file final_36.cif (mmCIF, C-alpha atoms)
data_entry
#
loop_
_atom_site.label_atom_id
_atom_site.label_comp_id
_atom_site.auth_asym_id
_atom_site.auth_seq_id
_atom_site.Cartn_x
_atom_site.Cartn_y
_atom_site.Cartn_z
CA MET A 1 75.62 103.27 108.34
CA ILE A 2 78.40 104.41 110.66
CA VAL A 3 78.25 107.50 112.89
CA VAL A 4 81.48 108.74 114.46
CA ILE A 5 81.61 111.66 116.86
CA GLN A 6 84.44 113.36 118.73
CA CYS A 7 83.85 116.28 121.10
CA LYS A 8 84.39 117.74 124.55
CA ASP A 9 83.07 115.40 127.21
CA GLN A 10 79.98 116.27 129.23
CA VAL A 11 77.19 114.51 131.07
CA GLY A 12 74.42 113.01 128.93
CA LEU A 13 76.21 112.66 125.59
CA VAL A 14 75.40 108.95 125.08
CA ALA A 15 71.78 109.51 126.10
CA GLY A 16 71.47 112.49 123.78
CA ILE A 17 72.98 110.71 120.79
CA THR A 18 70.96 107.53 121.22
CA GLY A 19 67.85 109.65 121.81
CA VAL A 20 68.27 111.34 118.43
CA LEU A 21 68.75 107.97 116.73
CA ALA A 22 65.71 106.50 118.48
CA LYS A 23 63.57 109.47 117.43
CA GLU A 24 64.61 108.79 113.83
CA GLN A 25 63.63 105.11 114.26
CA LEU A 26 67.24 104.00 113.67
CA ASN A 27 68.28 100.65 115.14
CA ILE A 28 71.72 100.52 116.78
CA VAL A 29 73.68 97.38 115.84
CA SER A 30 76.73 98.22 117.95
CA LEU A 31 78.03 101.16 120.00
CA ARG A 32 81.53 101.84 121.31
CA GLU A 33 82.49 104.92 123.32
CA HIS A 34 85.51 106.18 125.22
CA VAL A 35 86.33 109.19 127.39
CA ASP A 36 89.89 110.49 127.65
CA LYS A 37 89.75 111.94 131.16
CA ILE A 38 93.05 113.78 130.82
CA GLU A 39 91.96 115.61 127.66
CA ASN A 40 88.26 115.67 128.68
CA ARG A 41 87.50 114.25 125.24
CA PHE A 42 84.60 112.01 124.20
CA PHE A 43 84.70 109.51 121.32
CA ILE A 44 81.87 107.34 120.00
CA ARG A 45 81.29 105.00 117.04
CA VAL A 46 77.76 103.82 116.34
CA HIS A 47 76.82 101.21 113.73
CA ILE A 48 73.23 101.75 112.57
CA GLU A 49 71.19 99.17 110.69
CA GLN A 50 69.30 101.52 108.36
CA GLU A 51 70.42 104.31 106.06
CA VAL A 52 69.03 107.85 106.16
CA ASN A 53 70.06 111.23 104.80
CA ALA A 54 73.54 111.72 106.27
CA GLU A 55 73.55 115.52 106.18
CA ALA A 56 70.15 115.79 107.86
CA LEU A 57 71.20 113.40 110.64
CA GLU A 58 74.42 115.35 111.22
CA GLN A 59 72.42 118.54 111.70
CA LYS A 60 70.13 116.90 114.25
CA LEU A 61 73.12 115.53 116.18
CA LYS A 62 74.80 118.97 116.20
CA GLN A 63 71.83 120.37 118.10
CA ILE A 64 72.52 118.20 121.16
CA LEU A 65 76.35 118.15 121.04
CA PRO A 66 79.00 120.66 122.20
CA PRO A 67 79.93 123.36 119.63
CA ASP A 68 83.34 121.78 118.93
CA ALA A 69 81.85 118.41 117.94
CA PHE A 70 83.25 116.58 114.92
CA ILE A 71 80.48 114.47 113.38
CA LYS A 72 80.78 112.11 110.45
CA VAL A 73 77.88 110.05 109.16
CA ASN A 74 79.15 107.47 106.70
CA PRO A 75 76.61 105.56 104.62
CA GLN A 76 79.36 102.92 104.18
CA PRO A 77 80.31 103.50 100.56
CA GLU A 78 83.41 101.56 99.55
CA LYS A 79 86.34 103.91 100.01
CA LYS A 80 89.05 104.63 97.46
CA VAL A 81 92.82 104.33 97.99
CA VAL A 82 95.94 105.12 96.00
CA VAL A 83 99.08 103.12 96.81
CA LEU A 84 102.62 104.52 96.65
CA VAL A 85 105.52 102.05 96.31
CA THR A 86 109.23 101.80 95.61
CA LYS A 87 110.64 98.30 95.05
CA GLU A 88 109.48 96.03 97.90
CA TYR A 89 106.49 93.94 96.87
CA HIS A 90 105.18 92.31 100.04
CA CYS A 91 102.75 94.98 101.25
CA LEU A 92 101.53 95.87 97.77
CA ALA A 93 100.93 92.21 96.86
CA ASP A 94 98.76 91.71 99.95
CA ILE A 95 96.75 94.85 99.19
CA LEU A 96 96.19 93.82 95.56
CA ILE A 97 95.05 90.32 96.53
CA ARG A 98 92.58 91.70 99.09
CA ASN A 99 91.39 94.24 96.54
CA HIS A 100 90.92 91.51 93.91
CA PHE A 101 88.79 89.39 96.23
CA LYS A 102 86.92 92.44 97.59
CA THR A 103 88.06 91.97 101.19
CA LEU A 104 90.12 95.18 101.42
CA GLY A 105 87.21 97.44 102.29
CA ALA A 106 88.24 99.85 99.54
CA GLN A 107 88.98 99.98 95.84
CA VAL A 108 92.59 100.48 94.77
CA GLN A 109 92.47 103.24 92.16
CA CYS A 110 96.08 103.06 91.04
CA VAL A 111 99.64 102.33 92.12
CA ILE A 112 102.35 104.98 91.82
CA GLY A 113 106.01 103.99 92.03
CA ASN A 114 109.25 105.89 91.76
CA TYR A 115 110.66 102.78 90.02
CA ASP A 116 108.91 100.45 87.56
CA THR A 117 109.82 97.34 89.59
CA LEU A 118 106.23 96.66 90.68
CA GLN A 119 104.51 97.59 87.44
CA ASN A 120 104.07 93.97 86.36
CA ILE A 121 102.32 92.79 89.52
CA SER A 122 99.99 95.81 89.45
CA GLN A 123 99.04 95.16 85.83
CA ARG A 124 98.41 91.48 86.56
CA PHE A 125 95.61 92.64 88.84
CA ASP A 126 94.39 95.18 86.24
CA ILE A 127 95.37 98.13 88.43
CA PRO A 128 96.84 101.18 86.63
CA PHE A 129 100.52 101.74 87.42
CA TYR A 130 102.32 105.05 87.02
CA GLN A 131 106.06 105.49 87.30
CA VAL A 132 107.13 108.88 88.61
CA SER A 133 110.89 108.89 88.84
CA HIS A 134 112.57 111.08 91.44
CA GLU A 135 115.86 111.07 89.56
CA GLY A 136 117.00 114.36 88.07
CA LYS A 137 114.14 116.29 89.73
CA ASP A 138 113.86 118.44 92.80
CA LYS A 139 111.45 117.28 95.50
CA GLN A 140 108.79 119.82 94.55
CA ALA A 141 108.62 118.69 90.92
CA PHE A 142 108.60 115.02 91.94
CA GLU A 143 105.79 115.50 94.44
CA ASP A 144 103.79 117.73 92.09
CA GLN A 145 103.69 114.91 89.55
CA ILE A 146 102.54 112.43 92.19
CA ALA A 147 99.92 114.85 93.53
CA SER A 148 98.47 115.43 90.07
CA LEU A 149 97.94 111.67 89.69
CA ILE A 150 96.47 111.33 93.18
CA ASP A 151 94.07 114.21 92.64
CA LYS A 152 92.88 112.63 89.40
CA TYR A 153 91.48 109.72 91.44
CA ALA A 154 90.39 111.72 94.53
CA PRO A 155 91.11 108.87 96.99
CA ASP A 156 89.98 108.76 100.60
CA TYR A 157 93.43 107.54 101.68
CA ILE A 158 96.97 107.31 100.34
CA VAL A 159 98.83 104.17 101.42
CA LEU A 160 102.63 104.18 101.56
CA ALA A 161 103.33 100.49 100.98
CA LYS A 162 107.09 100.69 101.59
CA PHE A 163 107.42 103.96 99.68
CA MET A 164 110.99 104.88 100.50
CA ARG A 165 110.93 108.63 99.98
CA ILE A 166 110.53 111.28 102.68
CA LEU A 167 107.56 113.50 101.86
CA SER A 168 107.77 117.27 102.20
CA PRO A 169 105.72 119.24 104.77
CA GLY A 170 103.70 120.75 101.93
CA PHE A 171 102.71 117.35 100.52
CA VAL A 172 101.83 116.02 103.97
CA ALA A 173 99.74 119.11 104.71
CA LYS A 174 97.85 118.76 101.42
CA TYR A 175 96.69 115.25 102.42
CA SER A 176 96.80 115.67 106.20
CA GLY A 177 95.14 112.81 108.04
CA HIS A 178 94.83 110.75 104.87
CA ILE A 179 98.31 109.25 104.43
CA ILE A 180 99.00 105.87 106.05
CA ASN A 181 102.53 104.48 106.37
CA ILE A 182 104.07 101.17 107.44
CA HIS A 183 107.58 100.84 108.79
CA HIS A 184 109.68 98.45 110.82
CA SER A 185 109.94 99.20 114.52
CA PHE A 186 112.50 97.41 116.61
CA LEU A 187 113.16 97.34 120.32
CA PRO A 188 115.55 99.14 120.51
CA ALA A 189 114.90 101.25 117.40
CA PHE A 190 117.33 101.24 114.49
CA VAL A 191 117.37 104.03 111.95
CA GLY A 192 119.16 104.47 108.66
CA ALA A 193 120.33 101.80 106.26
CA SER A 194 120.07 98.02 106.80
CA PRO A 195 117.90 98.02 109.95
CA TYR A 196 117.65 94.22 110.00
CA LYS A 197 121.43 93.91 109.82
CA GLN A 198 121.69 96.37 112.71
CA ALA A 199 119.12 94.39 114.70
CA PHE A 200 120.97 91.15 114.06
CA GLU A 201 124.29 92.65 115.16
CA ARG A 202 122.66 94.07 118.29
CA GLY A 203 121.12 90.70 119.17
CA VAL A 204 117.55 91.90 119.53
CA LYS A 205 114.90 89.54 120.89
CA LEU A 206 111.86 91.34 119.46
CA ILE A 207 111.15 92.79 116.05
CA GLY A 208 107.99 94.50 114.95
CA ALA A 209 106.14 96.93 112.71
CA THR A 210 104.09 100.09 113.12
CA ALA A 211 101.35 101.55 110.91
CA HIS A 212 100.64 105.23 111.47
CA PHE A 213 99.29 108.39 109.93
CA VAL A 214 102.00 110.48 108.33
CA THR A 215 102.98 113.81 109.86
CA ASN A 216 105.96 116.12 109.37
CA GLU A 217 107.80 114.30 112.15
CA LEU A 218 109.37 111.30 110.43
CA ASP A 219 107.70 108.06 111.61
CA GLU A 220 106.23 109.91 114.60
CA GLY A 221 102.60 110.27 113.49
CA PRO A 222 99.53 108.92 115.33
CA ILE A 223 99.82 105.14 115.64
CA ILE A 224 97.06 102.97 114.20
CA ALA A 225 98.40 99.46 114.79
CA GLN A 226 101.56 97.76 116.04
CA GLN A 227 102.76 94.21 116.49
CA ILE A 228 105.92 92.47 117.66
CA ILE A 229 107.25 88.93 117.33
CA PRO A 230 110.11 87.23 119.17
CA VAL A 231 113.39 86.28 117.54
CA THR A 232 116.31 84.32 118.94
CA HIS A 233 120.05 83.99 118.52
CA SER A 234 119.40 81.38 115.82
CA HIS A 235 117.82 83.94 113.48
CA THR A 236 120.13 85.31 110.80
CA SER A 237 119.67 88.83 109.46
CA ALA A 238 117.95 87.26 106.41
CA ASP A 239 115.57 85.40 108.74
CA MET A 240 114.78 88.65 110.52
CA MET A 241 114.14 90.42 107.23
CA LYS A 242 111.75 87.67 106.10
CA ALA A 243 109.89 87.75 109.42
CA GLY A 244 109.87 91.54 109.33
CA LYS A 245 108.23 91.62 105.91
CA GLU A 246 105.52 89.24 107.11
CA ILE A 247 104.75 91.36 110.16
CA GLU A 248 104.79 94.59 108.13
CA THR A 249 102.23 93.06 105.78
CA ALA A 250 100.01 91.93 108.65
CA VAL A 251 100.16 95.24 110.53
CA LEU A 252 99.40 97.32 107.44
CA ALA A 253 96.45 95.06 106.60
CA LYS A 254 95.09 95.47 110.13
CA ALA A 255 95.55 99.24 110.05
CA LEU A 256 93.73 99.55 106.74
CA HIS A 257 90.87 97.41 108.05
CA LEU A 258 90.50 99.67 111.10
CA VAL A 259 90.73 102.93 109.17
CA LEU A 260 88.46 101.87 106.32
CA GLU A 261 85.76 100.83 108.78
CA ASP A 262 85.94 104.20 110.56
CA ARG A 263 87.29 102.66 113.76
CA VAL A 264 90.18 105.09 114.26
CA PHE A 265 89.89 108.52 115.90
CA VAL A 266 92.83 110.93 115.90
CA TYR A 267 93.30 113.57 118.58
CA LYS A 268 96.58 115.48 118.75
CA ASN A 269 99.26 112.81 118.18
CA LYS A 270 97.33 109.85 119.58
CA THR A 271 94.57 107.60 118.38
CA VAL A 272 91.52 105.95 119.88
CA VAL A 273 90.90 102.64 118.10
CA PHE A 274 87.68 100.67 118.46
CA GLU A 275 88.68 97.19 117.30
#

call {"tool": "encode", "arguments": {"input": "final_36.cif", "output": "structure tokens"}}
result
Amino acid sequence: MIVVIQCKDQVGLVAGITGVLAKEQLNIVSLREHVDKIENRFFIRVHIEQEVNAEALEQKLKQILPPDAFIKVNPQPEKKVVVLVTKEYHCLADILIRNHFKTLGAQVQCVIGNYDTLQNISQRFDIPFYQVSHEGKDKQAFEDQIASLIDKYAPDYIVLAKFMRILSPGFVAKYSGHIINIHHSFLPAFVGASPYKQAFERGVKLIGATAHFVTNELDEGPIIAQQIIPVTHSHTSADMMKAGKEIETAVLAKALHLVLEDRVFVYKNKTVVFE
């Protein structure tokens, strides 16, 4: 069982929390905590060996924590995810393979694409695929169709596995804190079409990827995981694209692992990540 708590910092929080757990005869397997001194914010993740009534434990913890405390007691059920895609297969393929071999940490409920390009690979893994075309529709109608499918499965998280459509503020608000995106991130950054071609022409020496929670600020949400790799003058734009896809796959996989194990805390536009 996992207990995660976020609240205003004060003296005695760790002692109080562990005292409650000890009184309930709960054995702590691991404990990670962090204090953001600037924000005066306390974060803790506790892995407990046994399972008890989650709601009852939350109430007991509330009694010794500040009034603003966020408490989540997770009995470690396997979470559910819905994956949104366009045409690029690399991130989806990795997710489906991990799901098939039960190493994802969640169950993929379905895949939704605005093209049918990735329908075949989804069906090969016996995952339902729904095509919701954006063509000939306004954004509201397009997103309403997607939302109706998502709500049917009631997932814990929505994964944008190279879903190349900008989501509206209303859609983001509906699933706030539950949408995870992966995108390329170069040093320097390149926006718009053909980012790898731009990077090649600029002669960059590092390319990378960022996984983050989606907010209304495009690609500016709280960062979960990032990684960079070096490139040289000998790399063509095609080489950079191939390397970029590999790093995007790896970073998204890492981000999902962290989120699905309740290792990521969000406060304002930053994250605390207990790896």

call {"tool": "atom_distance", "arguments": {"input": "final_36.cif", "atom1": "atom CA of A:Val85", "atom2": "atom CA of A:Gln131"}}
result
9.7 Å

call {"tool": "atom_distance", "arguments": {"input": "final_36.cif", "atom1": "atom CA of A:Glu24", "atom2": "atom CA of A:Lys60"}}
result
9.8 Å

call {"tool": "atom_distance", "arguments": {"input": "final_36.cif", "atom1": "atom CA of A:Gln140", "atom2": "atom CA of A:Lys270"}}
result
29.3 Å

call {"tool": "residues_around", "arguments": {"input": "final_36.cif", "residues": "stretch 217-225 of chain A", "least_positions_apart": "3", "cutoff": "8 Å", "atoms": "all atoms listed in the file", "output": "list in words"}}
result
Ile166, His183, Thr210, Ala211, His212, Phe213, Val214, Val251, Leu252, Lys254, Ala255, Leu258, Val264, Val266, Lys268, Asn269, Lys270, Thr271 and Val273 of chain A

call {"tool": "axis_aligned_box", "arguments": {"input": "final_36.cif", "around": "stretch 36-53 of chain A", "padding_each_side": "8 Å", "output": "AutoDock Vina command-line options"}}
result
--center_x 81.0 --center_y 107.4 --center_z 118.0 --size_x 40.0 --size_y 32.5 --size_z 42.4

call {"tool": "resolve_selection", "arguments": {"input": "final_36.cif", "expression": "the PyMOL selection byres ((chain A and resi 226-241) around 12)", "output": "ChimeraX atom specification"}}
result
/A:88,90,181-187,194-212,222-225,242-255,273

call {"tool": "closest_atom_pairs", "arguments": {"input": "final_36.cif", "of": "stretch 56-120 of chain A", "to": "stretch 39-49 of chain A", "cutoff": "10 Å", "atoms": "only C-alpha atoms", "output": "JSON lines"}}
result
{"residue": "A:Ala69", "atom": "CA", "partner": "A:Phe42", "partner_atom": "CA", "distance": 9.4}
{"residue": "A:Phe70", "atom": "CA", "partner": "A:Phe43", "partner_atom": "CA", "distance": 9.6}
{"residue": "A:Ile71", "atom": "CA", "partner": "A:Ile44", "partner_atom": "CA", "distance": 9.8}
{"residue": "A:Lys72", "atom": "CA", "partner": "A:Arg45", "partner_atom": "CA", "distance": 9.7}
{"residue": "A:Val73", "atom": "CA", "partner": "A:Val46", "partner_atom": "CA", "distance": 9.5}
{"residue": "A:Asn74", "atom": "CA", "partner": "A:His47", "partner_atom": "CA", "distance": 9.7}
{"residue": "A:Pro75", "atom": "CA", "partner": "A:Ile48", "partner_atom": "CA", "distance": 9.4}

call {"tool": "closest_residue", "arguments": {"input": "final_36.cif", "among": "A:Val20, A:Ile2, A:Leu160, A:Val11", "to": "A:Tyr89", "atoms": "all atoms listed in the file"}}
result
A:Leu160

call {"tool": "residues_around", "arguments": {"input": "final_36.cif", "residues": "A:Tyr115", "least_positions_apart": "5", "cutoff": "8 Å", "atoms": "only C-alpha atoms", "output": "mmCIF file with C-alpha atoms, in the coordinates of the input"}}
result
data_model
loop_
_atom_site.group_PDB
_atom_site.id
_atom_site.type_symbol
_atom_site.label_atom_id
_atom_site.label_comp_id
_atom_site.auth_asym_id
_atom_site.auth_seq_id
_atom_site.Cartn_x
_atom_site.Cartn_y
_atom_site.Cartn_z
ATOM 1 C CA THR A 86 109.230 101.800 95.610
ATOM 2 C CA LYS A 87 110.640 98.300 95.050
ATOM 3 C CA GLN A 131 106.060 105.490 87.300
ATOM 4 C CA VAL A 132 107.130 108.880 88.610
ATOM 5 C CA SER A 133 110.890 108.890 88.840
#

call {"tool": "closest_residue", "arguments": {"input": "final_36.cif", "among": "A:Leu149, A:Met1, A:Leu31, A:Leu26", "to": "A:Phe274", "atoms": "all atoms listed in the file"}}
result
A:Leu31

call {"tool": "resolve_selection", "arguments": {"input": "final_36.cif", "expression": "the PyMOL selection byres ((chain A and resi 178) around 10)", "output": "JSON, numbers by chain"}}
result
{"A": [81, 155, 156, 157, 158, 159, 172, 173, 174, 175, 176, 177, 179, 180, 213, 214, 259]}

call {"tool": "write_last_selection", "arguments": {"input": "final_36.cif", "atoms": "C-alpha atoms", "output": "PDB file, keeping the file's coordinate frame"}}
result
ATOM      1  CA  VAL A  81      92.820 104.330  97.990  1.00  0.00           C
ATOM      2  CA  PRO A 155      91.110 108.870  96.990  1.00  0.00           C
ATOM      3  CA  ASP A 156      89.980 108.760 100.600  1.00  0.00           C
ATOM      4  CA  TYR A 157      93.430 107.540 101.680  1.00  0.00           C
ATOM      5  CA  ILE A 158      96.970 107.310 100.340  1.00  0.00           C
ATOM      6  CA  VAL A 159      98.830 104.170 101.420  1.00  0.00           C
ATOM      7  CA  VAL A 172     101.830 116.020 103.970  1.00  0.00           C
ATOM      8  CA  ALA A 173      99.740 119.110 104.710  1.00  0.00           C
ATOM      9  CA  LYS A 174      97.850 118.760 101.420  1.00  0.00           C
ATOM     10  CA  TYR A 175      96.690 115.250 102.420  1.00  0.00           C
ATOM     11  CA  SER A 176      96.800 115.670 106.200  1.00  0.00           C
ATOM     12  CA  GLY A 177      95.140 112.810 108.040  1.00  0.00           C
ATOM     13  CA  ILE A 179      98.310 109.250 104.430  1.00  0.00           C
ATOM     14  CA  ILE A 180      99.000 105.870 106.050  1.00  0.00           C
ATOM     15  CA  PHE A 213      99.290 108.390 109.930  1.00  0.00           C
ATOM     16  CA  VAL A 214     102.000 110.480 108.330  1.00  0.00           C
ATOM     17  CA  VAL A 259      90.730 102.930 109.170  1.00  0.00           C
TER      18      VAL A 259
END

call {"tool": "residues_around", "arguments": {"input": "final_36.cif", "residues": "A:Glu58", "least_positions_apart": "3", "cutoff": "9 Å", "atoms": "all atoms listed in the file", "output": "VMD selection string"}}
result
chain A and resid 3 53 to 55 61 to 63 71 to 73

call {"tool": "closest_residue", "arguments": {"input": "final_36.cif", "among": "A:Lys152, A:Gly105, A:Leu260, A:Asp94", "to": "A:Glu275", "atoms": "only C-alpha atoms"}}
result
A:Leu260
